[in-house]
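Asks: Below you'll find input06.cif; it's mmCIF, C-alpha atoms.
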data_upload
#
loop_
_atom_site.label_atom_id
_atom_site.label_comp_id
_atom_site.auth_asym_id
_atom_site.auth_seq_id
_atom_site.Cartn_x
_atom_site.Cartn_y
_atom_site.Cartn_z
CA MET H 1 -9.48 -70.67 -140.42
CA ASN H 2 -9.37 -67.08 -139.40
CA MET H 3 -12.98 -67.38 -138.31
CA GLY H 4 -12.11 -70.33 -136.01
CA LYS H 5 -9.22 -68.47 -134.44
CA GLN H 6 -11.46 -65.48 -133.76
CA ILE H 7 -14.08 -67.69 -132.11
CA LEU H 8 -11.42 -69.40 -129.97
CA LEU H 9 -9.90 -66.07 -128.95
CA THR H 10 -13.33 -64.74 -128.03
CA LEU H 11 -14.04 -67.79 -125.83
CA VAL H 12 -10.70 -67.38 -124.05
CA LEU H 13 -11.38 -63.69 -123.40
CA LEU H 14 -14.86 -64.46 -122.08
CA THR H 15 -13.41 -67.12 -119.75
CA LEU H 16 -10.80 -64.72 -118.42
CA ILE H 17 -13.40 -61.98 -117.86
CA THR H 18 -15.75 -64.43 -116.06
CA PHE H 19 -12.92 -65.68 -113.83
CA SER H 20 -11.81 -62.12 -113.01
CA LEU H 21 -15.32 -61.03 -112.13
CA SER H 22 -15.84 -64.14 -109.99
CA SER H 23 -12.58 -63.52 -108.13
CA LEU H 24 -13.49 -59.90 -107.61
CA PHE H 25 -16.91 -60.71 -106.13
CA HIS H 26 -15.41 -63.50 -103.99
CA LEU H 27 -12.76 -61.10 -102.67
CA GLN H 28 -15.39 -58.46 -101.98
CA GLY H 29 -17.44 -61.06 -100.09
CA LYS H 30 -14.47 -61.95 -97.90
CA GLU H 31 -13.82 -58.27 -97.17
CA ASP H 32 -17.48 -57.79 -96.17
CA GLU H 33 -17.29 -60.88 -93.96
CA ALA H 34 -14.11 -59.59 -92.31
CA LYS H 35 -15.75 -56.22 -91.70
CA SER H 36 -18.77 -57.96 -90.22
CA GLU H 37 -16.54 -59.94 -87.85
CA ALA H 38 -14.62 -56.78 -86.90
CA LEU H 39 -17.86 -54.97 -86.05
CA ALA H 40 -19.33 -57.84 -84.00
CA PRO H 41 -19.81 -56.80 -80.34
CA ILE H 42 -17.16 -58.01 -77.93
CA PRO H 43 -18.71 -59.88 -74.98
CA ASP H 44 -18.56 -57.89 -71.74
CA PRO H 45 -16.38 -59.83 -69.27
CA TRP H 46 -18.16 -58.21 -66.32
CA ILE H 47 -21.16 -59.86 -64.71
CA THR H 48 -23.29 -57.05 -63.28
CA GLN H 49 -25.74 -57.39 -60.39
CA THR H 50 -27.70 -54.85 -58.40
CA ILE H 51 -28.24 -55.11 -54.65
CA PRO H 52 -31.99 -55.68 -54.14
CA ALA H 53 -34.06 -54.53 -51.17
CA GLY H 54 -33.08 -56.73 -48.25
CA GLY H 55 -30.13 -58.11 -50.24
CA SER H 56 -26.46 -58.39 -49.37
CA ILE H 57 -23.11 -59.18 -50.95
CA PHE H 58 -23.69 -62.81 -49.96
CA SER H 59 -27.05 -62.99 -51.72
CA VAL H 60 -25.90 -61.49 -55.05
CA LEU H 61 -22.71 -63.57 -55.18
CA ALA H 62 -24.79 -66.68 -54.49
CA ASN H 63 -26.47 -66.07 -57.87
CA LEU H 64 -23.17 -66.85 -59.64
CA ASP H 65 -23.21 -70.56 -58.77
CA LEU H 66 -19.78 -70.36 -57.14
CA PRO H 67 -18.50 -72.69 -54.40
CA GLY H 68 -19.79 -71.61 -50.99
CA THR H 69 -16.29 -71.30 -49.55
CA GLU H 70 -15.36 -68.89 -52.36
CA ILE H 71 -18.42 -66.71 -51.74
CA GLY H 72 -17.91 -66.81 -47.97
CA MET H 73 -14.23 -65.87 -48.12
CA VAL H 74 -14.64 -63.14 -50.75
CA SER H 75 -17.55 -61.62 -48.83
CA TRP H 76 -15.52 -61.69 -45.64
CA ARG H 77 -12.54 -59.95 -47.29
CA PHE H 78 -14.92 -57.45 -48.92
CA GLY H 79 -16.04 -56.40 -45.42
CA ASP H 80 -12.47 -55.48 -44.53
CA PHE H 81 -12.74 -52.51 -46.90
CA ILE H 82 -16.46 -51.66 -47.05
CA ASP H 83 -18.61 -51.13 -43.95
CA VAL H 84 -21.47 -53.46 -44.86
CA THR H 85 -24.00 -51.28 -43.02
CA THR H 86 -23.49 -48.62 -45.73
CA ILE H 87 -24.63 -50.97 -48.54
CA GLN H 88 -27.95 -49.82 -49.97
CA PRO H 89 -30.47 -51.23 -52.49
CA GLY H 90 -29.44 -50.05 -55.96
CA ASP H 91 -25.69 -50.33 -55.32
CA THR H 92 -23.95 -52.26 -58.12
CA LEU H 93 -21.54 -55.19 -57.89
CA ARG H 94 -19.61 -56.22 -61.04
CA VAL H 95 -17.57 -59.43 -61.16
CA ILE H 96 -15.09 -61.13 -63.53
CA LEU H 97 -14.66 -64.89 -63.03
CA ASN H 98 -11.58 -66.98 -63.84
CA GLU H 99 -11.43 -69.24 -66.92
CA THR H 100 -13.05 -72.19 -65.14
CA GLY H 101 -15.77 -69.99 -63.63
CA ASP H 102 -15.30 -71.21 -60.06
CA LYS H 103 -13.38 -68.25 -58.61
CA ILE H 104 -13.62 -64.47 -58.66
CA SER H 105 -10.72 -62.70 -60.38
CA LYS H 106 -11.90 -59.07 -60.10
CA MET H 107 -14.75 -57.13 -58.53
CA MET H 108 -16.02 -53.57 -58.83
CA PHE H 109 -18.47 -52.18 -56.28
CA VAL H 110 -20.19 -48.93 -57.24
CA GLN H 111 -21.73 -47.46 -54.09
CA GLU H 112 -22.71 -44.07 -55.45
CA PRO H 113 -22.03 -42.26 -58.76
CA THR H 114 -18.72 -40.81 -57.54
CA ILE H 115 -17.03 -43.83 -55.98
CA ARG H 116 -15.76 -47.13 -57.36
CA HIS H 117 -14.23 -49.79 -55.11
CA LEU H 118 -11.93 -52.10 -57.10
CA PHE H 119 -10.79 -55.55 -55.95
CA GLU H 120 -8.38 -58.06 -57.47
CA ALA H 121 -8.00 -61.59 -56.11
CA ARG H 122 -4.50 -62.54 -55.01
CA GLY H 123 -4.56 -65.96 -53.44
CA ASP H 124 -6.84 -65.83 -50.39
CA SER H 125 -6.66 -62.05 -50.17
CA LEU H 126 -8.10 -59.10 -52.10
CA ALA H 127 -6.00 -56.18 -53.35
CA TYR H 128 -8.07 -53.01 -52.99
CA THR H 129 -8.04 -49.62 -54.69
CA LYS H 130 -10.56 -46.81 -54.62
CA GLU H 131 -11.47 -44.40 -57.41
CA ALA H 132 -13.35 -41.23 -56.49
CA LEU H 133 -14.60 -38.43 -58.69
CA PRO H 134 -14.40 -34.87 -57.31
CA VAL H 135 -17.49 -33.49 -55.60
CA GLN H 136 -18.45 -30.01 -54.44
CA LEU H 137 -19.30 -29.26 -50.84
CA ARG H 138 -22.35 -27.11 -50.22
CA THR H 139 -23.75 -25.85 -46.92
CA ARG H 140 -27.43 -25.03 -46.45
CA ILE H 141 -29.58 -23.59 -43.68
CA LEU H 142 -33.01 -25.19 -43.33
CA ASP H 143 -35.56 -23.27 -41.24
CA GLY H 144 -38.85 -24.84 -40.28
CA THR H 145 -41.94 -24.49 -38.13
CA LEU H 146 -43.75 -27.28 -36.34
CA VAL H 147 -47.19 -28.08 -37.74
CA THR H 148 -47.70 -31.67 -36.59
CA THR H 149 -44.45 -33.39 -35.52
CA LEU H 150 -40.75 -32.63 -35.79
CA ASP H 151 -40.31 -35.86 -37.79
CA ALA H 152 -42.79 -34.70 -40.42
CA ALA H 153 -41.28 -31.21 -40.57
CA LEU H 154 -37.73 -32.50 -41.05
CA LEU H 155 -38.75 -34.98 -43.76
CA ALA H 156 -40.72 -32.23 -45.53
CA LEU H 157 -37.48 -30.21 -45.79
CA GLY H 158 -35.87 -33.08 -47.69
CA LEU H 159 -33.77 -34.61 -44.90
CA SER H 160 -33.31 -38.38 -45.01
CA PRO H 161 -34.86 -40.65 -42.35
CA MET H 162 -31.37 -41.26 -40.93
CA ASP H 163 -30.59 -37.55 -40.68
CA LYS H 164 -34.00 -36.94 -39.15
CA GLN H 165 -33.38 -39.60 -36.50
CA ASN H 166 -29.95 -38.20 -35.62
CA ILE H 167 -31.53 -34.79 -34.98
CA ASN H 168 -34.31 -36.30 -32.90
CA ASN H 169 -31.85 -38.34 -30.84
CA GLY H 170 -29.79 -35.23 -30.21
CA LEU H 171 -32.71 -33.08 -29.03
CA GLU H 172 -34.83 -35.52 -27.06
CA GLY H 173 -32.43 -35.54 -24.09
CA ASP H 174 -33.34 -31.89 -23.45
CA ILE H 175 -36.90 -31.76 -24.80
CA ASP H 176 -39.96 -33.82 -23.98
CA PHE H 177 -41.62 -33.53 -27.37
CA GLN H 178 -44.73 -35.43 -26.39
CA ARG H 179 -45.42 -33.07 -23.48
CA ASP H 180 -43.94 -29.71 -24.46
CA ALA H 181 -43.75 -29.43 -28.28
CA ARG H 182 -46.37 -27.10 -29.74
CA LYS H 183 -47.55 -26.07 -33.18
CA GLY H 184 -45.57 -22.98 -34.21
CA ASP H 185 -42.33 -24.00 -32.50
CA SER H 186 -39.37 -23.13 -34.74
CA PHE H 187 -36.14 -24.94 -35.58
CA ARG H 188 -33.03 -24.52 -37.70
CA VAL H 189 -30.75 -27.15 -39.23
CA PHE H 190 -27.37 -26.38 -40.82
CA ILE H 191 -26.10 -29.14 -43.11
CA GLU H 192 -23.12 -29.87 -45.35
CA GLU H 193 -23.90 -31.75 -48.57
CA ARG H 194 -21.74 -33.31 -51.28
CA ILE H 195 -22.90 -32.20 -54.73
CA PHE H 196 -22.27 -34.20 -57.92
CA GLU H 197 -23.61 -33.11 -61.32
CA GLY H 198 -25.83 -30.59 -59.60
CA LYS H 199 -27.50 -33.10 -57.26
CA PRO H 200 -26.86 -33.82 -53.55
CA LEU H 201 -25.47 -37.24 -52.69
CA PRO H 202 -26.93 -39.30 -49.82
CA ARG H 203 -25.88 -38.86 -46.18
CA ALA H 204 -25.66 -35.15 -45.45
CA LYS H 205 -23.55 -34.02 -42.49
CA ILE H 206 -25.55 -32.32 -39.72
CA LEU H 207 -23.41 -29.43 -38.44
CA TYR H 208 -25.87 -27.56 -36.23
CA VAL H 209 -29.43 -27.79 -34.88
CA ASN H 210 -31.53 -25.46 -32.76
CA TYR H 211 -35.09 -25.70 -31.50
CA GLU H 212 -37.19 -23.01 -29.80
CA GLY H 213 -40.67 -23.12 -28.29
CA VAL H 214 -42.70 -21.39 -25.57
CA ARG H 215 -42.69 -24.49 -23.38
CA THR H 216 -39.41 -26.05 -24.51
CA GLY H 217 -37.18 -22.97 -24.35
CA PHE H 218 -34.15 -22.63 -26.65
CA HIS H 219 -31.75 -25.52 -27.26
CA GLU H 220 -28.89 -25.93 -29.73
CA LEU H 221 -26.51 -28.70 -30.77
CA PHE H 222 -23.15 -28.61 -32.60
CA ARG H 223 -21.28 -31.33 -34.45
CA TYR H 224 -18.03 -32.59 -32.95
CA ALA H 225 -15.79 -34.57 -35.30
CA GLN H 226 -12.46 -36.35 -34.99
CA ASP H 227 -10.03 -37.12 -37.82
CA ASP H 228 -11.20 -40.75 -37.87
CA GLU H 229 -14.46 -40.71 -39.83
CA ASN H 230 -15.53 -43.93 -38.06
CA SER H 231 -14.99 -42.54 -34.56
CA VAL H 232 -17.93 -43.21 -32.23
CA LEU H 233 -17.50 -39.67 -30.85
CA ASN H 234 -18.50 -38.00 -34.12
CA GLY H 235 -21.94 -36.49 -33.62
CA LEU H 236 -24.10 -33.78 -32.05
CA TYR H 237 -23.39 -32.30 -28.59
CA ASN H 238 -24.82 -29.38 -26.65
CA LYS H 239 -22.77 -26.24 -25.92
CA GLU H 240 -21.23 -27.86 -22.83
CA GLY H 241 -20.01 -30.89 -24.79
CA LYS H 242 -22.64 -33.24 -23.38
CA SER H 243 -24.30 -35.83 -25.55
CA ASN H 244 -28.05 -36.10 -25.20
CA ASN H 245 -27.81 -39.71 -26.37
CA SER H 246 -26.53 -40.91 -23.00
CA SER H 247 -29.57 -43.13 -22.46
CA GLY H 248 -28.13 -45.75 -24.84
CA VAL H 249 -25.31 -48.23 -24.31
CA GLY H 250 -21.73 -47.59 -25.34
CA TYR H 251 -19.79 -49.00 -28.29
CA PRO H 252 -17.42 -51.96 -27.84
CA LEU H 253 -14.73 -50.15 -29.89
CA ALA H 254 -13.66 -46.52 -30.27
CA SER H 255 -13.94 -46.72 -34.08
CA ILE H 256 -16.72 -48.67 -35.78
CA HIS H 257 -16.53 -50.51 -39.12
CA VAL H 258 -18.95 -53.44 -39.54
CA SER H 259 -17.33 -56.17 -41.67
CA SER H 260 -20.11 -58.75 -41.29
CA SER H 261 -23.62 -58.15 -40.02
CA PHE H 262 -26.08 -60.31 -38.07
CA GLY H 263 -28.05 -62.96 -39.94
CA LYS H 264 -27.76 -65.46 -42.78
CA ARG H 265 -24.40 -65.75 -44.53
CA LEU H 266 -22.16 -68.31 -46.24
CA ASP H 267 -19.57 -69.61 -43.81
CA PRO H 268 -16.03 -69.02 -45.20
CA PHE H 269 -14.85 -72.30 -43.61
CA THR H 270 -17.65 -74.73 -44.56
CA GLY H 271 -19.19 -72.95 -47.55
CA ARG H 272 -22.68 -73.63 -46.17
CA TRP H 273 -25.38 -71.14 -45.21
CA ALA H 274 -25.43 -70.40 -41.49
CA ASN H 275 -26.82 -67.78 -39.14
CA HIS H 276 -24.18 -65.34 -37.96
CA GLN H 277 -25.13 -64.80 -34.32
CA GLY H 278 -23.59 -61.37 -33.89
CA VAL H 279 -21.81 -58.49 -35.58
CA ASP H 280 -18.16 -58.48 -36.66
CA TYR H 281 -16.20 -55.25 -36.30
CA ARG H 282 -12.94 -54.73 -38.19
CA ALA H 283 -10.08 -53.68 -35.91
CA ALA H 284 -6.32 -54.04 -35.62
CA TYR H 285 -4.64 -56.50 -33.25
CA GLY H 286 -4.45 -55.10 -29.73
CA THR H 287 -7.26 -52.54 -30.12
CA PRO H 288 -8.98 -51.99 -26.73
CA VAL H 289 -12.42 -53.59 -26.32
CA TYR H 290 -14.93 -51.88 -23.98
CA ALA H 291 -17.90 -53.09 -21.98
CA VAL H 292 -20.96 -51.50 -23.60
CA ALA H 293 -22.79 -51.25 -20.27
CA ALA H 294 -22.32 -51.93 -16.56
CA GLY H 295 -22.67 -55.52 -15.44
CA THR H 296 -20.99 -58.58 -13.99
CA VAL H 297 -18.53 -60.77 -15.92
CA SER H 298 -20.12 -64.22 -16.12
CA SER H 299 -17.12 -65.80 -17.90
CA ALA H 300 -13.70 -64.93 -19.27
CA ARG H 301 -12.18 -67.98 -20.95
CA TYR H 302 -11.21 -69.79 -24.14
CA ASN H 303 -14.36 -71.16 -25.76
CA GLY H 304 -13.80 -73.24 -28.92
CA GLY H 305 -14.61 -71.37 -32.15
CA TYR H 306 -15.12 -68.11 -30.26
CA GLY H 307 -11.52 -68.29 -29.01
CA LYS H 308 -10.81 -66.07 -26.02
CA GLU H 309 -14.13 -64.53 -25.05
CA VAL H 310 -15.73 -62.41 -22.33
CA ARG H 311 -19.42 -62.60 -21.41
CA ILE H 312 -21.08 -59.91 -19.30
CA LYS H 313 -24.49 -60.19 -17.63
CA HIS H 314 -26.33 -56.87 -17.37
CA PRO H 315 -29.04 -55.79 -14.89
CA SER H 316 -31.61 -55.75 -17.72
CA GLY H 317 -31.15 -59.49 -18.10
CA MET H 318 -29.24 -59.21 -21.37
CA MET H 319 -25.83 -60.78 -21.88
CA THR H 320 -23.13 -59.35 -24.15
CA LEU H 321 -20.41 -61.48 -25.78
CA TYR H 322 -16.96 -60.29 -26.94
CA ALA H 323 -15.10 -62.99 -28.92
CA HIS H 324 -11.80 -63.79 -30.74
CA LEU H 325 -9.90 -61.64 -28.22
CA GLN H 326 -6.12 -61.52 -28.08
CA ASN H 327 -6.41 -61.44 -24.30
CA PHE H 328 -8.85 -60.39 -21.61
CA SER H 329 -8.29 -58.13 -18.63
CA VAL H 330 -11.24 -59.14 -16.44
CA ARG H 331 -12.22 -62.30 -14.57
CA ALA H 332 -15.46 -64.13 -13.84
CA GLY H 333 -17.51 -62.50 -11.07
CA GLN H 334 -15.92 -59.07 -11.55
CA ARG H 335 -18.20 -56.03 -11.80
CA VAL H 336 -17.45 -53.71 -14.72
CA LYS H 337 -18.56 -50.23 -15.73
CA ARG H 338 -19.66 -48.97 -19.11
CA GLY H 339 -16.55 -48.06 -21.13
CA GLN H 340 -14.18 -50.21 -19.06
CA ILE H 341 -11.52 -52.10 -21.04
CA ILE H 342 -12.27 -55.83 -20.83
CA GLY H 343 -9.75 -57.13 -23.39
CA ARG H 344 -7.98 -56.55 -26.70
CA VAL H 345 -8.86 -57.44 -30.29
CA GLY H 346 -7.29 -60.63 -31.63
CA SER H 347 -7.97 -63.57 -33.95
CA THR H 348 -8.23 -66.54 -31.59
CA GLY H 349 -10.55 -69.46 -32.26
CA ARG H 350 -12.27 -69.93 -35.62
CA SER H 351 -11.26 -66.67 -37.22
CA THR H 352 -9.85 -65.51 -40.57
CA GLY H 353 -8.21 -62.34 -39.25
CA ALA H 354 -8.18 -59.74 -36.49
CA HIS H 355 -11.68 -58.57 -35.58
CA LEU H 356 -14.19 -58.39 -32.75
CA HIS H 357 -17.27 -60.57 -32.78
CA PHE H 358 -19.93 -58.86 -30.67
CA GLY H 359 -23.03 -60.80 -29.66
CA LEU H 360 -26.21 -59.93 -27.75
CA HIS H 361 -28.15 -62.67 -25.91
CA SER H 362 -31.65 -62.12 -24.59
CA GLY H 363 -34.69 -64.31 -23.94
CA GLY H 364 -32.80 -67.54 -24.51
CA SER H 365 -31.30 -66.70 -27.92
CA PHE H 366 -28.93 -64.37 -29.71
CA ILE H 367 -30.59 -61.29 -31.20
CA ASN H 368 -29.42 -58.62 -33.61
CA PRO H 369 -27.10 -56.17 -31.75
CA SER H 370 -28.27 -53.41 -34.09
CA GLN H 371 -31.39 -53.30 -31.90
CA LEU H 372 -29.22 -51.68 -29.25
CA ARG H 373 -29.05 -47.91 -29.23
CA MET H 374 -25.31 -47.38 -29.14
CA VAL H 375 -23.88 -43.96 -28.37
CA GLY H 376 -20.46 -42.39 -27.90
CA ALA H 377 -19.20 -40.56 -24.84
CA GLU H 378 -21.72 -38.95 -22.49
CA LYS H 379 -19.37 -35.96 -22.08
CA LEU H 380 -16.33 -34.84 -24.04
CA ASN H 381 -13.10 -34.78 -22.03
CA LYS H 382 -10.87 -31.73 -21.56
CA LYS H 383 -8.81 -32.22 -24.74
CA GLN H 384 -11.90 -32.96 -26.79
CA MET H 385 -13.63 -29.86 -25.38
CA GLU H 386 -10.75 -27.69 -26.61
CA GLU H 387 -11.25 -29.08 -30.12
CA PHE H 388 -15.02 -28.71 -29.76
CA GLU H 389 -14.79 -25.00 -28.89
CA LEU H 390 -12.82 -24.34 -32.08
CA GLN H 391 -15.26 -26.39 -34.15
CA LYS H 392 -18.26 -24.56 -32.64
CA GLU H 393 -16.76 -21.21 -33.56
CA MET H 394 -16.09 -22.38 -37.10
CA ILE H 395 -19.68 -23.58 -37.48
CA ARG H 396 -21.06 -20.27 -36.18
CA ASN H 397 -18.90 -18.36 -38.67
CA GLN H 398 -20.05 -20.58 -41.53
CA MET H 399 -23.69 -19.93 -40.65
CA GLN H 400 -23.08 -16.20 -40.38
CA ASN H 401 -21.51 -16.24 -43.84
CA LYS H 402 -24.66 -17.88 -45.20
CA LEU H 403 -27.05 -15.54 -43.41
CA SER H 404 -25.17 -12.27 -43.97
CA PRO H 405 -22.54 -12.79 -46.70
CA GLN H 406 -21.92 -9.06 -47.25
CA VAL H 407 -21.30 -8.44 -43.55
CA ALA H 408 -18.97 -11.40 -43.36
CA LYS H 409 -16.91 -10.16 -46.36
CA SER H 410 -16.49 -6.66 -44.89
#
For this file, write the structure as structure tokens.

Replies:
Amino acid sequence: MNMGKQILLTLVLLTLITFSLSSLFHLQGKEDEAKSEALAPIPDPWITQTIPAGGSIFSVLANLDLPGTEIGMVSWRFGDFIDVTTIQPGDTLRVILNETGDKISKMMFVQEPTIRHLFEARGDSLAYTKEALPVQLRTRILDGTLVTTLDAALLALGLSPMDKQNINNGLEGDIDFQRDARKGDSFRVFIEERIFEGKPLPRAKILYVNYEGVRTGFHELFRYAQDDENSVLNGLYNKEGKSNNSSGVGYPLASIHVSSSFGKRLDPFTGRWANHQGVDYRAAYGTPVYAVAAGTVSSARYNGGYGKEVRIKHPSGMMTLYAHLQNFSVRAGQRVKRGQIIGRVGSTGRSTGAHLHFGLHSGGSFINPSQLRMVGAEKLNKKQMEEFELQKEMIRNQMQNKLSPQVAKS
């Protein structure tokens, strides 16, 4: 009897131990499973795309399989804040879609390592904020000697093709390089760069240029700048305040911000791909619009989707178009000069907001207006010259500080 009780008690104890161990292992398994779930990567809500060579905001957004009207409208609003001509291959666009995946909720555009442009959809508009990391400003003097061409010499010093072209454009009004430039000619360029993490960012600011040769003589240029960074007057001028870029045509506005460029884009109204036959410039209602060159007004009227428009025929045979105007101040048959006010910016016709549509017609079709060489004023006016004199003196002092820092400190 005692033996039976002992056997029964042993079986009960073994059952309890087995159950306890089973519960313990089961609990441990659940804890491991919970840890595994906690450590699982959280999906990134951002869809990231990189602007390819020849790409645009339209082309990368088209990869998201969104409705065409959504892409067209978002791209249009994007241009209100970002000058689309500054977009470069390698720039990054990040997007968050809504729950149904047919609309954009947020966007982040990273144009360079220091700047983030943030957008949040609010109805048909975009709320915009900008985040910028601090950068250091550094000035440098670049001295060079001509071996083959000025182009080659400037590029060899590390200047970008755009900076090189700005210098060339500034000098060629005074110098016939093809005829007078010689091996051994010398030049100096004074630039201001933005430095981030020890490296210069793109788009240096050209503050000063000089060029000297036996046949060319000595020539120098200084930068003139207004408070508006988009002012068409910002650029290089000689000591007398004259621009050597006067051979080009003028700008249709005093401040330039391209919101939509020439070429293929998704129409914000129809959502279908269409060719944009001009360039759209962002501007406030009532901003003066200028004739880019002398000519005769061929029409000044309301014209369907273009709204109130002015067309000017120029002696070269080209025709320029200024559309969506609030009003116009010229009439058909009237002769106009370069820089004359022909109307004011508006949003008439098929338009989503105040802007100027500028078109260029030649050879029976519209062509890209970027083919025009547009320049600011041929000569700074009296008030601008007063500002220019102060800026010239400041630039000279900056260069002297670089060349002879000890003398400058004493």

Asks: Can you list every residue of range 201-294 of chain H that has an atom at most 12 Å from range 131-143 of chain H, with its nearest atom pair and the distance in Å to one decimal, using all atoms listed in the file, ordered by chain then number, as a Markdown table?

Replies:
| residue | atom | partner | partner_atom | distance |
| --- | --- | --- | --- | --- |
| H:Leu201 | CA | H:Val135 | CA | 9.3 |
| H:Ala204 | CA | H:Thr139 | CA | 9.6 |
| H:Lys205 | CA | H:Thr139 | CA | 9.3 |
| H:Ile206 | CA | H:Thr139 | CA | 9.8 |
| H:Leu207 | CA | H:Thr139 | CA | 9.2 |
| H:Tyr208 | CA | H:Ile141 | CA | 9.2 |
| H:Val209 | CA | H:Leu142 | CA | 9.5 |
| H:Asn210 | CA | H:Asp143 | CA | 9.6 |
| H:Tyr211 | CA | H:Asp143 | CA | 10.0 |
| H:Glu212 | CA | H:Asp143 | CA | 11.6 |

Asks: For this file, the PyMOL selection byres ((chain H and resi 310) around 12) selects which residues, as a PDB file with C-alpha atoms, keeping the file's coordinate frame?

Replies:
ATOM      1  CA  PRO H 252     -17.420 -51.960 -27.840  1.00  0.00           C
ATOM      2  CA  VAL H 289     -12.420 -53.590 -26.320  1.00  0.00           C
ATOM      3  CA  TYR H 290     -14.930 -51.880 -23.980  1.00  0.00           C
ATOM      4  CA  ALA H 291     -17.900 -53.090 -21.980  1.00  0.00           C
ATOM      5  CA  GLY H 295     -22.670 -55.520 -15.440  1.00  0.00           C
ATOM      6  CA  THR H 296     -20.990 -58.580 -13.990  1.00  0.00           C
ATOM      7  CA  VAL H 297     -18.530 -60.770 -15.920  1.00  0.00           C
ATOM      8  CA  SER H 298     -20.120 -64.220 -16.120  1.00  0.00           C
ATOM      9  CA  SER H 299     -17.120 -65.800 -17.900  1.00  0.00           C
ATOM     10  CA  ALA H 300     -13.700 -64.930 -19.270  1.00  0.00           C
ATOM     11  CA  ARG H 301     -12.180 -67.980 -20.950  1.00  0.00           C
ATOM     12  CA  TYR H 302     -11.210 -69.790 -24.140  1.00  0.00           C
ATOM     13  CA  ASN H 303     -14.360 -71.160 -25.760  1.00  0.00           C
ATOM     14  CA  TYR H 306     -15.120 -68.110 -30.260  1.00  0.00           C
ATOM     15  CA  GLY H 307     -11.520 -68.290 -29.010  1.00  0.00           C
ATOM     16  CA  LYS H 308     -10.810 -66.070 -26.020  1.00  0.00           C
ATOM     17  CA  GLU H 309     -14.130 -64.530 -25.050  1.00  0.00           C
ATOM     18  CA  ARG H 311     -19.420 -62.600 -21.410  1.00  0.00           C
ATOM     19  CA  ILE H 312     -21.080 -59.910 -19.300  1.00  0.00           C
ATOM     20  CA  LYS H 313     -24.490 -60.190 -17.630  1.00  0.00           C
ATOM     21  CA  MET H 319     -25.830 -60.780 -21.880  1.00  0.00           C
ATOM     22  CA  THR H 320     -23.130 -59.350 -24.150  1.00  0.00           C
ATOM     23  CA  LEU H 321     -20.410 -61.480 -25.780  1.00  0.00           C
ATOM     24  CA  TYR H 322     -16.960 -60.290 -26.940  1.00  0.00           C
ATOM     25  CA  ALA H 323     -15.100 -62.990 -28.920  1.00  0.00           C
ATOM     26  CA  HIS H 324     -11.800 -63.790 -30.740  1.00  0.00           C
ATOM     27  CA  LEU H 325      -9.900 -61.640 -28.220  1.00  0.00           C
ATOM     28  CA  GLN H 326      -6.120 -61.520 -28.080  1.00  0.00           C
ATOM     29  CA  ASN H 327      -6.410 -61.440 -24.300  1.00  0.00           C
ATOM     30  CA  PHE H 328      -8.850 -60.390 -21.610  1.00  0.00           C
ATOM     31  CA  SER H 329      -8.290 -58.130 -18.630  1.00  0.00           C
ATOM     32  CA  VAL H 330     -11.240 -59.140 -16.440  1.00  0.00           C
ATOM     33  CA  ARG H 331     -12.220 -62.300 -14.570  1.00  0.00           C
ATOM     34  CA  ALA H 332     -15.460 -64.130 -13.840  1.00  0.00           C
ATOM     35  CA  GLY H 333     -17.510 -62.500 -11.070  1.00  0.00           C
ATOM     36  CA  GLN H 334     -15.920 -59.070 -11.550  1.00  0.00           C
ATOM     37  CA  VAL H 336     -17.450 -53.710 -14.720  1.00  0.00           C
ATOM     38  CA  ILE H 341     -11.520 -52.100 -21.040  1.00  0.00           C
ATOM     39  CA  ILE H 342     -12.270 -55.830 -20.830  1.00  0.00           C
ATOM     40  CA  GLY H 343      -9.750 -57.130 -23.390  1.00  0.00           C
ATOM     41  CA  ARG H 344      -7.980 -56.550 -26.700  1.00  0.00           C
ATOM     42  CA  VAL H 345      -8.860 -57.440 -30.290  1.00  0.00           C
ATOM     43  CA  LEU H 356     -14.190 -58.390 -32.750  1.00  0.00           C
ATOM     44  CA  HIS H 357     -17.270 -60.570 -32.780  1.00  0.00           C
ATOM     45  CA  PHE H 358     -19.930 -58.860 -30.670  1.00  0.00           C
ATOM     46  CA  GLY H 359     -23.030 -60.800 -29.660  1.00  0.00           C
TER      47      GLY H 359
END

Asks: Would you pick out the contacts of range 125-129 of chain H at 8 Å or less, using only C-alpha atoms, so that residues sharing its chain but fewer than 6 positions from it are not included, and give the list as a PyMOL selection string?

Replies: chain H and resi 74+77-78+81+117-119

Asks: How would you write as a compact mmCIF listing (two decimals) with C-alpha atoms, keeping the file's coordinate frame the residues that get within 10 Å of (-15.4, -69.6, -58.7) in the file's frame, counting all atoms listed in the file?

Replies:
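File written: point01.txt
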# COMPACT_ATOMS: atom_id res chain seq x y z
CA LEU H 64 -23.17 -66.85 -59.64
CA ASP H 65 -23.21 -70.56 -58.77
CA LEU H 66 -19.78 -70.36 -57.14
CA PRO H 67 -18.50 -72.69 -54.40
CA GLY H 68 -19.79 -71.61 -50.99
CA THR H 69 -16.29 -71.30 -49.55
CA GLU H 70 -15.36 -68.89 -52.36
CA ILE H 71 -18.42 -66.71 -51.74
CA ILE H 96 -15.09 -61.13 -63.53
CA LEU H 97 -14.66 -64.89 -63.03
CA ASN H 98 -11.58 -66.98 -63.84
CA GLU H 99 -11.43 -69.24 -66.92
CA THR H 100 -13.05 -72.19 -65.14
CA GLY H 101 -15.77 -69.99 -63.63
CA ASP H 102 -15.30 -71.21 -60.06
CA LYS H 103 -13.38 -68.25 -58.61
CA ILE H 104 -13.62 -64.47 -58.66
CA SER H 105 -10.72 -62.70 -60.38
